[in-house]
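Chemist: I am sharing data31.cif, which consists of mmCIF, C-alpha atoms:
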```
data_structure
loop_
_atom_site.label_atom_id
_atom_site.label_comp_id
_atom_site.auth_asym_id
_atom_site.auth_seq_id
_atom_site.Cartn_x
_atom_site.Cartn_y
_atom_site.Cartn_z
CA MET A 234 75.55 11.49 283.54
CA ASN A 235 77.35 12.68 280.45
CA VAL A 236 74.88 13.98 277.88
CA ARG A 237 76.14 14.55 274.35
CA LEU A 238 73.86 16.12 271.76
CA LEU A 239 74.92 14.54 268.48
CA GLY A 240 72.38 16.35 266.32
CA THR A 241 70.16 19.29 267.22
CA GLY A 242 68.19 20.00 264.03
CA ALA A 243 64.67 19.33 262.86
CA ALA A 244 63.65 17.05 259.99
CA GLU A 245 65.45 18.85 257.18
CA GLY A 246 68.45 20.06 259.21
CA ILE A 247 70.15 23.45 258.92
CA PRO A 248 71.10 24.33 256.26
CA ALA A 249 68.25 22.41 254.69
CA LEU A 250 69.02 20.35 251.61
CA TYR A 251 67.09 22.46 249.09
CA CYS A 252 66.43 25.74 250.91
CA ARG A 253 67.72 29.22 250.06
CA CYS A 254 66.29 31.13 253.03
CA ARG A 255 68.36 33.59 255.04
CA VAL A 256 68.98 31.15 257.87
CA CYS A 257 70.12 28.33 255.59
CA GLU A 258 72.39 30.51 253.46
CA GLU A 259 73.99 32.13 256.50
CA ALA A 260 74.39 28.78 258.26
CA ALA A 261 76.14 27.35 255.21
CA ARG A 262 78.45 30.37 255.07
CA ILE A 263 79.27 30.54 258.79
CA GLY A 264 79.29 26.83 259.65
CA GLY A 265 80.16 25.76 263.21
CA ARG A 266 77.26 25.96 265.64
CA GLU A 267 74.97 27.25 262.91
CA VAL A 268 74.88 23.77 261.34
CA HIS A 269 72.30 21.46 262.91
CA THR A 270 72.08 17.81 261.82
CA ARG A 271 69.07 15.63 262.66
CA SER A 272 68.39 15.22 266.37
CA SER A 273 69.89 12.52 268.53
CA VAL A 274 71.47 12.37 271.98
CA LEU A 275 73.92 9.95 273.61
CA ILE A 276 73.97 9.40 277.37
CA ASP A 277 77.14 8.00 278.97
CA GLY A 278 78.02 6.41 275.63
CA LEU A 279 75.45 3.67 276.40
CA VAL A 280 71.95 5.05 275.85
CA LYS A 281 71.08 6.67 272.52
CA VAL A 282 67.84 8.47 271.79
CA ASP A 283 66.82 8.26 268.11
CA HIS A 284 68.83 6.95 265.19
CA GLY A 285 68.30 9.02 262.08
CA PRO A 286 69.95 9.54 258.69
CA ASP A 287 72.89 11.56 260.05
CA THR A 288 74.07 8.78 262.39
CA TYR A 289 77.13 7.86 260.32
CA ALA A 290 78.21 11.48 259.86
CA GLN A 291 77.83 12.05 263.62
CA LYS A 292 79.92 8.96 264.36
CA LEU A 293 82.73 10.30 262.20
CA LYS A 294 82.55 13.87 263.46
CA PHE A 295 82.55 13.01 267.16
CA GLY A 296 84.59 9.79 267.15
CA LEU A 297 81.77 7.67 268.54
CA ASP A 298 81.90 3.98 269.38
CA LEU A 299 78.33 3.11 268.46
CA GLY A 300 79.12 -0.56 268.99
CA ALA A 301 79.17 0.17 272.72
CA VAL A 302 75.59 1.45 272.79
CA THR A 303 73.32 -1.02 274.59
CA THR A 304 70.01 0.88 274.59
CA LEU A 305 68.30 2.73 271.75
CA LEU A 306 65.18 4.73 272.65
CA LEU A 307 63.02 5.75 269.69
CA THR A 308 60.72 8.70 270.13
CA HIS A 309 58.66 7.88 267.05
CA ALA A 310 58.78 6.65 263.48
CA HIS A 311 59.60 9.68 261.35
CA GLU A 312 62.52 9.53 258.94
CA ASP A 313 64.62 12.11 260.78
CA HIS A 314 64.38 10.14 264.03
CA PHE A 315 64.45 6.51 262.90
CA THR A 316 66.19 5.23 259.76
CA PRO A 317 66.02 1.42 259.95
CA SER A 318 68.77 0.97 257.35
CA GLU A 319 71.28 2.47 259.80
CA LEU A 320 70.84 -0.65 261.93
CA ILE A 321 71.45 -3.04 259.03
CA TRP A 322 75.19 -2.36 259.23
CA ARG A 323 75.25 -4.23 262.55
CA GLY A 324 74.92 -7.46 260.54
CA GLN A 325 77.74 -10.01 260.53
CA HIS A 326 78.56 -9.34 256.88
CA PHE A 327 79.41 -5.70 257.66
CA VAL A 328 81.42 -6.11 260.89
CA ARG A 329 84.94 -7.57 260.89
CA SER A 330 85.35 -7.98 264.64
CA ASP A 331 83.51 -9.57 267.53
CA GLY A 332 80.64 -7.27 266.63
CA PRO A 333 78.70 -4.65 268.50
CA ALA A 334 77.16 -5.18 271.91
CA PRO A 335 73.63 -6.60 271.94
CA LEU A 336 71.22 -3.71 271.53
CA GLY A 337 67.82 -3.21 273.09
CA VAL A 338 65.62 -1.09 270.80
CA PHE A 339 62.60 0.46 272.49
CA GLY A 340 59.85 2.15 270.50
CA ASN A 341 56.24 2.31 269.44
CA ALA A 342 54.31 -0.08 267.21
CA THR A 343 54.91 2.07 264.13
CA ALA A 344 58.69 1.85 264.57
CA GLU A 345 58.42 -1.91 265.02
CA GLY A 346 56.47 -2.08 261.76
CA TRP A 347 59.12 -0.05 259.96
CA LEU A 348 61.84 -2.45 261.10
CA ALA A 349 59.75 -5.43 260.00
CA GLU A 350 59.14 -3.84 256.59
CA HIS A 351 62.84 -3.20 256.13
CA GLY A 352 63.62 -6.84 256.92
CA ALA A 353 60.99 -7.97 254.42
CA ARG A 354 63.00 -6.27 251.67
CA TYR A 355 65.63 -8.96 252.31
CA GLY A 356 63.12 -11.77 252.74
CA LEU A 357 63.56 -11.83 256.52
CA SER A 358 60.99 -11.90 259.29
CA LEU A 359 61.24 -9.43 262.14
CA ALA A 360 62.61 -12.18 264.39
CA GLU A 361 65.25 -13.07 261.82
CA VAL A 362 66.25 -9.42 261.40
CA CYS A 363 66.64 -8.99 265.14
CA GLU A 364 68.74 -12.15 265.42
CA GLU A 365 70.99 -11.15 262.52
CA LEU A 366 71.53 -7.64 263.89
CA ARG A 367 71.87 -8.68 267.55
CA ILE A 368 68.97 -6.51 268.60
CA GLU A 369 65.85 -7.02 270.66
CA PHE A 370 62.89 -4.83 269.78
CA VAL A 371 60.76 -4.04 272.83
CA PRO A 372 57.41 -2.25 272.38
CA VAL A 373 57.02 0.76 274.66
CA ALA A 374 53.87 2.39 275.99
CA PRO A 375 53.57 5.77 277.69
CA PHE A 376 53.84 5.86 281.48
CA ILE A 377 55.15 2.29 281.80
CA SER A 378 58.70 2.43 283.16
CA PHE A 379 61.48 -0.10 282.69
CA ASP A 380 65.09 -0.58 283.77
CA ARG A 381 68.16 -0.81 281.55
CA GLY A 382 71.34 -1.52 283.46
CA PRO A 383 71.93 1.40 285.84
CA TYR A 384 69.15 3.49 284.28
CA ALA A 385 65.44 3.75 284.90
CA ILE A 386 63.63 4.73 281.70
CA HIS A 387 60.28 6.49 281.99
CA PRO A 388 58.36 7.01 278.72
CA LEU A 389 55.68 9.68 278.50
CA LYS A 390 53.28 10.63 275.75
CA ALA A 391 54.47 13.40 273.45
CA GLU A 392 51.99 15.62 271.63
CA HIS A 393 53.08 14.77 268.10
CA ASP A 394 51.56 12.95 265.09
CA ALA A 395 48.10 11.61 265.92
CA ARG A 396 48.72 8.60 263.65
CA GLN A 397 51.11 7.01 266.16
CA VAL A 398 51.97 7.17 269.85
CA ALA A 399 54.99 9.48 269.99
CA LEU A 400 57.15 9.32 273.09
CA ASN A 401 59.46 11.44 275.17
CA TYR A 402 61.69 9.89 277.82
CA VAL A 403 62.92 10.62 281.31
CA VAL A 404 66.25 8.85 281.79
CA ALA A 405 67.25 8.56 285.44
CA GLY A 406 70.43 7.21 287.01
CA GLY A 407 72.84 7.99 289.79
CA GLY A 408 70.32 10.24 291.49
CA ARG A 409 69.96 12.45 288.40
CA ALA A 410 67.18 12.69 285.82
CA ILE A 411 66.98 14.20 282.35
CA LEU A 412 64.01 14.66 280.04
CA VAL A 413 64.52 14.14 276.32
CA GLY A 414 61.64 16.08 274.78
CA PHE A 415 62.11 15.77 271.02
CA ASP A 416 59.10 16.41 268.80
CA THR A 417 56.31 17.53 271.05
CA ALA A 418 53.92 20.40 271.52
CA ARG A 419 53.00 21.40 275.08
CA TYR A 420 52.12 18.29 277.09
CA GLY A 421 48.66 16.99 277.83
CA GLU A 422 47.45 16.63 281.40
CA ALA A 423 48.34 12.92 281.66
CA ALA A 424 51.97 13.71 280.88
CA TRP A 425 51.97 16.61 283.35
CA GLU A 426 50.65 14.35 286.10
CA TYR A 427 53.28 11.74 285.29
CA LEU A 428 56.10 14.29 285.33
CA GLY A 429 54.89 15.43 288.73
CA GLY A 430 56.59 12.36 290.18
CA PHE A 431 60.04 13.50 289.06
CA ARG A 432 62.58 16.17 289.91
CA LEU A 433 64.39 16.87 286.67
CA ASP A 434 67.95 18.15 286.54
CA CYS A 435 68.19 18.72 282.78
CA LEU A 436 65.68 19.11 279.96
CA LEU A 437 66.32 18.80 276.22
CA MET A 438 63.20 20.34 274.71
CA ASP A 439 61.77 20.78 271.24
CA CYS A 440 62.08 24.33 269.88
CA THR A 441 61.36 23.70 266.23
CA PHE A 442 59.59 27.02 265.65
CA GLY A 443 62.30 29.11 267.29
CA ARG A 444 61.37 32.76 267.62
CA THR A 445 58.30 32.56 265.37
CA PRO A 446 54.85 32.71 266.99
CA SER A 447 53.72 29.35 268.27
CA VAL A 448 51.14 27.42 266.26
CA GLY A 449 50.70 24.91 269.07
CA ARG A 450 50.67 21.74 266.94
CA GLU A 451 53.21 18.92 267.20
CA HIS A 452 56.20 21.17 268.00
CA MET A 453 57.12 24.12 270.18
CA ALA A 454 58.57 27.60 269.81
CA LEU A 455 60.51 29.63 272.35
CA ASP A 456 57.31 31.10 273.77
CA ASP A 457 55.94 27.56 274.33
CA ASN A 458 59.10 26.62 276.18
CA VAL A 459 58.77 29.60 278.48
CA ARG A 460 55.26 28.41 279.36
CA VAL A 461 56.44 24.81 279.84
CA ARG A 462 59.36 25.87 282.02
CA ASP A 463 57.10 28.06 284.16
CA GLU A 464 54.58 25.23 284.55
CA MET A 465 57.34 22.86 285.61
CA LEU A 466 58.49 25.34 288.22
CA ARG A 467 54.92 25.77 289.44
CA ARG A 468 54.44 22.02 289.80
CA GLY A 469 57.83 21.49 291.46
CA ILE A 470 59.14 19.29 288.62
CA ILE A 471 62.26 21.43 288.31
CA GLU A 472 64.19 23.85 290.49
CA PRO A 473 65.20 27.27 289.13
CA ASP A 474 68.75 26.03 288.50
CA ALA A 475 67.70 23.11 286.24
CA ARG A 476 69.42 23.10 282.85
CA TYR A 477 66.81 23.96 280.21
CA VAL A 478 68.21 23.26 276.73
CA LEU A 479 66.40 24.05 273.46
CA THR A 480 66.99 21.60 270.63
CA HIS A 481 65.36 20.19 267.44
CA ILE A 482 65.89 23.58 265.77
CA SER A 483 64.40 24.38 262.35
CA HIS A 484 65.27 27.08 259.85
CA GLY A 485 61.52 27.70 259.89
CA GLY A 486 62.04 29.32 263.28
CA ASP A 487 63.69 32.26 261.47
CA ALA A 488 66.72 32.49 263.73
CA LEU A 489 70.38 31.67 263.44
CA HIS A 490 71.89 29.84 266.41
CA GLY A 491 73.38 33.01 267.84
CA GLU A 492 70.14 34.95 267.45
CA LEU A 493 68.05 32.27 269.17
CA ALA A 494 70.68 31.84 271.89
CA ASP A 495 70.49 35.55 272.73
CA LEU A 496 66.71 35.36 273.03
CA ALA A 497 66.81 32.14 275.06
CA ALA A 498 69.35 33.60 277.48
CA GLN A 499 66.81 36.23 278.47
CA HIS A 500 64.73 33.36 279.89
CA GLY A 501 67.63 31.46 281.48
CA MET A 502 67.71 28.86 278.69
CA VAL A 503 70.45 27.72 276.34
CA VAL A 504 70.29 26.62 272.72
CA ALA A 505 71.90 23.30 271.83
CA TYR A 506 74.45 22.80 269.08
CA ASP A 507 75.83 19.63 267.52
CA GLY A 508 78.44 18.10 269.79
CA MET A 509 77.35 19.99 272.91
CA GLU A 510 78.21 18.09 276.11
CA ILE A 511 76.48 18.50 279.45
CA GLU A 512 77.43 16.91 282.75
CA VAL A 513 74.28 16.25 284.74
#
```
Can the structure from this file be put into structure tokens for me?

Modeler:
Amino acid sequence: MNVRLLGTGAAEGIPALYCRCRVCEEAARIGGREVHTRSSVLIDGLVKVDHGPDTYAQKLKFGLDLGAVTTLLLTHAHEDHFTPSELIWRGQHFVRSDGPAPLGVFGNATAEGWLAEHGARYGLSLAEVCEELRIEFVPVAPFISFDRGPYAIHPLKAEHDARQVALNYVVAGGGRAILVGFDTARYGEAAWEYLGGFRLDCLLMDCTFGRTPSVGREHMALDDNVRVRDEMLRRGIIEPDARYVLTHISHGGDALHGELADLAAQHGMVVAYDGMEIEV
């Protein structure tokens, strides 16, 4: 599988829109890998995880054909991960061609509600919105797998935002499996038991708090990831050579990309950057 990290930042990105901290000012000055847009990943050009406000900029920067995407997996309904208006441009009035491929959108009940509310702004029901945009919204629950073309999709419960059921996903195909772990603290026991049925080749894991001490709520820091990686090794979920990639990086983690990468390397991990490609 080809895994392309389109965005690798947390909610406000780096540099953040209104921030003057050291990390943001240095990121703006240096550019390149120091700039992190809002998190999303594209697998084989067909499966996209999350669809936030930087989608259009990412399309332009990386030359993406988003009309070829057939599956959109939503981790949860927060503005940096799901911006319903970015789907509106699939409508027939905005596409002068045969149009994009039909799109399956998989997410929780909160995300479904957001899409319905957006349609209501135009006087459309959810069914009418889906028909107009050539999408099918499919509610997803943790630990209930489903197939999409050549891929088996395995949702698990993330530890994030008690007001909704946040999700992470194992995407498996061709004898390989990756875990997309945006927006989660360390997993609960049900998720650990579920993951015990997999052998993961690559992990894209939340590291919002970077090198700062973990607070253990809704996100992870580097020290959390060390614990998670060690637990996965102990349970046989990964082998020592599995690719462990830190993403969803915040300026609140008090580390530039290069600084965090140096620390992560001491633990055999790498830090993601926008546009990073991994062959799994």

Chemist: In Å to one decimal, how far is CA of Tyr289 (chain A) from CA of Ala374 (chain A)?

Modeler: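 A separation of 28.6 Å between them.
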
Chemist: Can you pull out the residues contacting Val236 (chain A)? Cut-off 6 Å, using only C-alpha atoms, and skip same-chain residues under 5 positions away; I want them as a PyMOL selection string.

Modeler: chain A and resi 275-276+510-511

Chemist: Write out as an MDAnalysis selection string each polymer residue whose atoms come within 9 Å of Leu489 (chain A), counting all atoms listed in the file; drop sequence neighbours fewer than 6 positions from it.

Modeler: chainID A and resid 255:257 259:260 267

Chemist: Would you kindly return, as a VMD selection string, each protein, DNA or RNA residue with an atom no farther than 8 Å from any atom of region 314-316 of chain A, considering only C-alpha atoms and excluding same-chain residues fewer than 2 positions away?

Modeler: chain A and resid 271 to 273 283 to 286 307 to 312 318 to 320 344

Chemist: Which residues, written as an NGL selection string, have at least one atom at most 12 Å from Cys363 (chain A), with all atoms listed in the file counted and residues fewer than 6 positions away on the same chain left out?

Modeler: :A and (317 or 320-321 or 323-324 or 335-338 or 345 or 348-349 or 351-352 or 357 or 369-371)

Chemist: Can you translate the PyMOL selection byres ((chain A and resi 342) around 9) into the concrete residues it hits in this file, as a PyMOL selection string?

Modeler: chain A and resi 310+340-341+343-347+372-373+397-398

Chemist: Which one of A:His500, A:His484, A:Leu428, A:Glu451 sits closest to Arg253 (chain A) if you count all atoms listed in the file?

Modeler: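 Checking each candidate against Arg253 (chain A), we get A:His484 as the closest.
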
Chemist: Give me, please, the distance in Å between CA of Phe295 (chain A) and CA of Gly240 (chain A), quoted to one decimal.

Modeler: 10.7 Å

Chemist: Using only C-alpha atoms, which residue out of A:Phe379, A:Phe339, A:Gln325, A:Tyr251 lies closest to Val362 (chain A)?

Modeler: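 Under the stated criterion, the closest residue is A:Gln325.
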
Chemist: Would you work out the distance separating CA of Ala244 (chain A) from CA of Leu496 (chain A), expressed in Å to one decimal?

Modeler: 22.7 Å

Chemist: Would you mind telling me which residue in A:Leu279, A:Ala418, A:Leu436, A:Leu299 lies nearest to Val448 (chain A) when using all atoms listed in the file?

Modeler: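 Once distances to Val448 (chain A) are computed over all atoms listed in the file, the minimum belongs to A:Ala418.
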
Chemist: How would you write as a list in words the residues that get within 8 Å of (60.2, 28.0, 263.6) in the file's frame, counting all atoms listed in the file?

Modeler: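 Every residue inside that radius is included here: Cys440, Thr441, Phe442, Gly443, Arg444, Thr445, Pro446, Ala454, Ile482, Ser483, His484, Gly485, Gly486, Asp487 and Ala488 of chain A.
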
Chemist: Quick one: which residues end up in the PyMOL selection byres ((chain A and resi 408) around 12) for this structure, as a list in words?

Modeler: Met234, Pro383, Tyr384, Ala385, Val404, Ala405, Gly406, Gly407, Arg409, Ala410, Ile411, Phe431, Arg432, Leu433, Asp434 and Val513 of chain A
